[in-house]
Amino acid sequence: QAQLVESGGGSVQDGGSMRLSCAASGYTGYTYSKLCMGWFRQAPGKEREGVAAISSDGSTSYADPVKGRFTVSRDNAKNTVYLQMNNLKPEDTTMYYCATSQSVLAWNDAKDYNYWGQGTQVTVSS
């Protein structure tokens, strides 16, 4: 059974930094390095929105609100994807989820991802 486990969430002040991690396991029949990894976030009552993604070839994509502040990376030896978040703002406060897909048409379309983590809360106080 494929499983994604996020960690690294918590509370930080406006302008602070935080790194989220997402460890994948149980991908029987899949090669982790060939998966597209995405980070999403979802506030209560709102749709899940794409934050960043990294493809199997290492190319990255970012949502406009986080460009220049967030960096997505992966360590295929550890089956782990990271989201380094710098210069955090109160509007970044919400639940963050990682997800995987064998292939995506649109990196920020949640429907393209088939496995999801349980989420980790990020809170940025002003």
# chains A, B, ... in the order shown; residues from 1 in each chain; ligands from 1

call {"tool": "residues_around", "arguments": {"residues": "Thr123 (chain A)", "least_positions_apart": "4", "cutoff": "10 Å", "atoms": "only C-alpha atoms", "output": "number ranges by chain"}}
result
A: 9-14, 88-95

call {"tool": "write_last_selection", "arguments": {"atoms": "all heavy atoms", "output": "compact mmCIF listing (two decimals), in the first residue's frame"}}
result
# COMPACT_ATOMS: atom_id res chain seq x y z
N GLY A 9 5.82 20.55 9.60
CA GLY A 9 4.92 21.68 9.81
C GLY A 9 5.05 22.23 11.22
O GLY A 9 5.74 21.66 12.07
N GLY A 10 4.38 23.33 11.47
CA GLY A 10 4.41 23.94 12.79
C GLY A 10 4.08 25.41 12.70
O GLY A 10 3.40 25.84 11.77
N SER A 11 4.59 26.15 13.65
CA SER A 11 4.31 27.59 13.72
C SER A 11 5.58 28.39 13.56
O SER A 11 6.64 27.99 14.05
CB SER A 11 3.66 27.93 15.07
OG SER A 11 2.43 27.27 15.22
N VAL A 12 5.46 29.49 12.88
CA VAL A 12 6.61 30.37 12.65
C VAL A 12 6.08 31.79 12.52
O VAL A 12 4.91 32.01 12.21
CB VAL A 12 7.37 29.93 11.38
CG1 VAL A 12 6.52 30.17 10.13
CG2 VAL A 12 8.72 30.61 11.27
N GLN A 13 6.94 32.74 12.76
CA GLN A 13 6.53 34.14 12.63
C GLN A 13 6.69 34.62 11.19
O GLN A 13 7.42 34.04 10.39
CB GLN A 13 7.35 35.00 13.58
CG GLN A 13 7.01 34.78 15.05
CD GLN A 13 7.45 35.93 15.92
OE1 GLN A 13 8.46 36.56 15.66
NE2 GLN A 13 6.68 36.21 16.97
N ASP A 14 5.97 35.68 10.92
CA ASP A 14 6.02 36.33 9.61
C ASP A 14 7.49 36.56 9.20
O ASP A 14 8.27 37.10 9.99
CB ASP A 14 5.29 37.66 9.70
CG ASP A 14 5.03 38.29 8.35
OD1 ASP A 14 5.51 37.76 7.33
OD2 ASP A 14 4.36 39.34 8.30
N LEU A 88 8.04 33.37 4.89
CA LEU A 88 6.64 32.96 5.04
C LEU A 88 5.78 34.13 5.46
O LEU A 88 6.22 35.03 6.18
CB LEU A 88 6.54 31.83 6.07
CG LEU A 88 6.93 30.45 5.53
CD1 LEU A 88 7.27 29.51 6.67
CD2 LEU A 88 5.82 29.89 4.67
N LYS A 89 4.54 34.10 4.99
CA LYS A 89 3.58 35.16 5.25
C LYS A 89 2.34 34.57 5.92
O LYS A 89 2.06 33.37 5.76
CB LYS A 89 3.18 35.83 3.93
CG LYS A 89 4.34 36.37 3.12
CD LYS A 89 3.88 36.90 1.78
CE LYS A 89 5.05 37.42 0.96
NZ LYS A 89 4.62 37.96 -0.35
N PRO A 90 1.60 35.38 6.64
CA PRO A 90 0.39 34.85 7.29
C PRO A 90 -0.57 34.18 6.31
O PRO A 90 -1.24 33.21 6.68
CB PRO A 90 -0.23 36.11 7.91
CG PRO A 90 0.95 36.98 8.21
CD PRO A 90 1.89 36.75 7.05
N GLU A 91 -0.61 34.66 5.08
CA GLU A 91 -1.51 34.06 4.10
C GLU A 91 -1.05 32.67 3.65
O GLU A 91 -1.78 31.97 2.93
CB GLU A 91 -1.69 34.96 2.88
CG GLU A 91 -0.40 35.44 2.25
CD GLU A 91 0.00 36.83 2.73
OE1 GLU A 91 -0.14 37.12 3.94
OE2 GLU A 91 0.45 37.63 1.88
N ASP A 92 0.14 32.24 4.05
CA ASP A 92 0.60 30.88 3.77
C ASP A 92 0.06 29.89 4.79
O ASP A 92 0.26 28.67 4.65
CB ASP A 92 2.13 30.81 3.79
CG ASP A 92 2.77 31.62 2.68
OD1 ASP A 92 2.27 31.59 1.54
OD2 ASP A 92 3.79 32.29 2.95
N THR A 93 -0.62 30.38 5.81
CA THR A 93 -1.16 29.53 6.86
C THR A 93 -2.25 28.63 6.32
O THR A 93 -3.24 29.11 5.77
CB THR A 93 -1.72 30.39 8.00
OG1 THR A 93 -0.65 31.11 8.62
CG2 THR A 93 -2.43 29.53 9.04
N THR A 94 -2.06 27.33 6.42
CA THR A 94 -3.06 26.35 6.03
C THR A 94 -2.47 24.96 6.15
O THR A 94 -1.33 24.80 6.57
CB THR A 94 -3.56 26.60 4.60
OG1 THR A 94 -4.71 25.78 4.35
CG2 THR A 94 -2.50 26.29 3.56
N MET A 95 -3.24 23.95 5.73
CA MET A 95 -2.74 22.59 5.67
C MET A 95 -2.01 22.37 4.35
O MET A 95 -2.48 22.79 3.29
CB MET A 95 -3.90 21.60 5.77
CG MET A 95 -4.47 21.44 7.17
SD MET A 95 -3.36 20.56 8.29
CE MET A 95 -3.52 18.88 7.66

call {"tool": "select_by_dssp", "arguments": {"residues": "region 11-105 of chain A", "states": "strand (DSSP E or B)", "output": "PyMOL selection string"}}
result
chain A and resi 11-13+18-25+36-42+49-54+60-62+70-75+80-85+94-101

call {"tool": "residues_around", "arguments": {"residues": "Asn87 (chain A)", "least_positions_apart": "6", "cutoff": "9 Å", "atoms": "only C-alpha atoms", "output": "PyMOL selection string"}}
result
chain A and resi 14-17+69-70

call {"tool": "write_last_selection", "arguments": {"atoms": "N, CA, C and O atoms", "output": "mmCIF file, in the first residue's frame"}}
result
data_model
loop_
_atom_site.group_PDB
_atom_site.id
_atom_site.type_symbol
_atom_site.label_atom_id
_atom_site.label_comp_id
_atom_site.auth_asym_id
_atom_site.auth_seq_id
_atom_site.Cartn_x
_atom_site.Cartn_y
_atom_site.Cartn_z
ATOM 1 N N ASP A 14 5.969 35.684 10.918
ATOM 2 C CA ASP A 14 6.021 36.328 9.611
ATOM 3 C C ASP A 14 7.485 36.558 9.202
ATOM 4 O O ASP A 14 8.270 37.097 9.988
ATOM 5 N N GLY A 15 7.832 36.103 7.985
ATOM 6 C CA GLY A 15 9.196 36.241 7.496
ATOM 7 C C GLY A 15 10.100 35.078 7.820
ATOM 8 O O GLY A 15 11.246 35.022 7.359
ATOM 9 N N GLY A 16 9.591 34.123 8.574
ATOM 10 C CA GLY A 16 10.397 32.966 8.954
ATOM 11 C C GLY A 16 10.465 31.910 7.874
ATOM 12 O O GLY A 16 9.913 32.063 6.779
ATOM 13 N N SER A 17 11.154 30.823 8.190
ATOM 14 C CA SER A 17 11.349 29.724 7.241
ATOM 15 C C SER A 17 10.920 28.400 7.863
ATOM 16 O O SER A 17 10.892 28.249 9.085
ATOM 17 N N ARG A 69 10.044 32.315 -3.174
ATOM 18 C CA ARG A 69 10.062 32.076 -1.718
ATOM 19 C C ARG A 69 10.157 30.594 -1.378
ATOM 20 O O ARG A 69 10.773 30.219 -0.385
ATOM 21 N N PHE A 70 9.514 29.754 -2.177
ATOM 22 C CA PHE A 70 9.487 28.313 -1.924
ATOM 23 C C PHE A 70 10.371 27.587 -2.925
ATOM 24 O O PHE A 70 10.467 27.999 -4.096
#

call {"tool": "atom_distance", "arguments": {"atom1": "CA of Gln121 (chain A)", "atom2": "CA of Tyr96 (chain A)"}}
result
6.2 Å

call {"tool": "residues_around", "arguments": {"residues": "region 51-54 of chain A", "least_positions_apart": "2", "cutoff": "7 Å", "atoms": "only C-alpha atoms", "output": "PyMOL selection string"}}
result
chain A and resi 36-41+49+56+58-63+72-73+107

call {"tool": "write_last_selection", "arguments": {"atoms": "N, CA and C atoms", "output": "PDB file, in the first residue's frame"}}
result
ATOM      1  N   CYS A  36       6.020  11.964 -10.400  1.00  0.00           N
ATOM      2  CA  CYS A  36       5.915  13.407 -10.227  1.00  0.00           C
ATOM      3  C   CYS A  36       5.437  13.649  -8.797  1.00  0.00           C
ATOM      4  N   MET A  37       6.091  14.542  -8.101  1.00  0.00           N
ATOM      5  CA  MET A  37       5.744  14.856  -6.717  1.00  0.00           C
ATOM      6  C   MET A  37       5.189  16.267  -6.649  1.00  0.00           C
ATOM      7  N   GLY A  38       4.056  16.410  -5.983  1.00  0.00           N
ATOM      8  CA  GLY A  38       3.456  17.726  -5.870  1.00  0.00           C
ATOM      9  C   GLY A  38       3.177  18.113  -4.430  1.00  0.00           C
ATOM     10  N   TRP A  39       3.187  19.405  -4.191  1.00  0.00           N
ATOM     11  CA  TRP A  39       2.766  19.969  -2.912  1.00  0.00           C
ATOM     12  C   TRP A  39       1.528  20.826  -3.161  1.00  0.00           C
ATOM     13  N   PHE A  40       0.527  20.606  -2.330  1.00  0.00           N
ATOM     14  CA  PHE A  40      -0.709  21.362  -2.399  1.00  0.00           C
ATOM     15  C   PHE A  40      -1.024  21.941  -1.034  1.00  0.00           C
ATOM     16  N   ARG A  41      -1.918  22.898  -1.011  1.00  0.00           N
ATOM     17  CA  ARG A  41      -2.399  23.405   0.263  1.00  0.00           C
ATOM     18  C   ARG A  41      -3.884  23.674   0.146  1.00  0.00           C
ATOM     19  N   GLU A  49      -5.172  23.850  -3.684  1.00  0.00           N
ATOM     20  CA  GLU A  49      -4.416  24.539  -4.720  1.00  0.00           C
ATOM     21  C   GLU A  49      -2.984  24.029  -4.787  1.00  0.00           C
ATOM     22  N   SER A  56       9.966  13.878 -12.645  1.00  0.00           N
ATOM     23  CA  SER A  56      10.978  12.834 -12.566  1.00  0.00           C
ATOM     24  C   SER A  56      12.323  13.311 -13.095  1.00  0.00           C
ATOM     25  N   GLY A  58      13.436  16.285 -12.646  1.00  0.00           N
ATOM     26  CA  GLY A  58      13.919  17.348 -11.780  1.00  0.00           C
ATOM     27  C   GLY A  58      13.402  18.731 -12.107  1.00  0.00           C
ATOM     28  N   SER A  59      12.624  18.851 -13.156  1.00  0.00           N
ATOM     29  CA  SER A  59      12.076  20.173 -13.477  1.00  0.00           C
ATOM     30  C   SER A  59      11.019  20.544 -12.447  1.00  0.00           C
ATOM     31  N   THR A  60      10.942  21.823 -12.141  1.00  0.00           N
ATOM     32  CA  THR A  60      10.060  22.296 -11.078  1.00  0.00           C
ATOM     33  C   THR A  60       9.046  23.306 -11.587  1.00  0.00           C
ATOM     34  N   SER A  61       7.946  23.389 -10.873  1.00  0.00           N
ATOM     35  CA  SER A  61       6.887  24.351 -11.181  1.00  0.00           C
ATOM     36  C   SER A  61       6.396  24.948  -9.874  1.00  0.00           C
ATOM     37  N   TYR A  62       5.985  26.219  -9.929  1.00  0.00           N
ATOM     38  CA  TYR A  62       5.543  26.903  -8.728  1.00  0.00           C
ATOM     39  C   TYR A  62       4.312  27.751  -9.010  1.00  0.00           C
ATOM     40  N   ALA A  63       3.480  27.862  -7.994  1.00  0.00           N
ATOM     41  CA  ALA A  63       2.368  28.793  -8.078  1.00  0.00           C
ATOM     42  C   ALA A  63       2.902  30.215  -7.932  1.00  0.00           C
ATOM     43  N   VAL A  72      11.109  23.492  -4.172  1.00  0.00           N
ATOM     44  CA  VAL A  72      10.805  22.065  -4.079  1.00  0.00           C
ATOM     45  C   VAL A  72      12.022  21.289  -4.563  1.00  0.00           C
ATOM     46  N   SER A  73      12.324  20.203  -3.872  1.00  0.00           N
ATOM     47  CA  SER A  73      13.452  19.351  -4.252  1.00  0.00           C
ATOM     48  C   SER A  73      13.124  17.915  -3.873  1.00  0.00           C
ATOM     49  N   TRP A 107       0.438  20.224 -13.606  1.00  0.00           N
ATOM     50  CA  TRP A 107       1.091  19.928 -12.339  1.00  0.00           C
ATOM     51  C   TRP A 107       0.261  20.378 -11.144  1.00  0.00           C
TER      52      TRP A 107
END

call {"tool": "residues_around", "arguments": {"residues": "Thr28 (chain A)", "least_positions_apart": "6", "cutoff": "12 Å", "atoms": "only C-alpha atoms", "output": "list in words"}}
result
Gln1, Ala2 and Gln3 of chain A

call {"tool": "atom_distance", "arguments": {"atom1": "CA of Glu47 (chain A)", "atom2": "CA of Pro65 (chain A)"}}
result
15.6 Å

call {"tool": "closest_residue", "arguments": {"among": "A:Thr80, A:Val66, A:Asn86, A:Arg48", "to": "Ala110 (chain A)", "atoms": "only C-alpha atoms"}}
result
A:Arg48
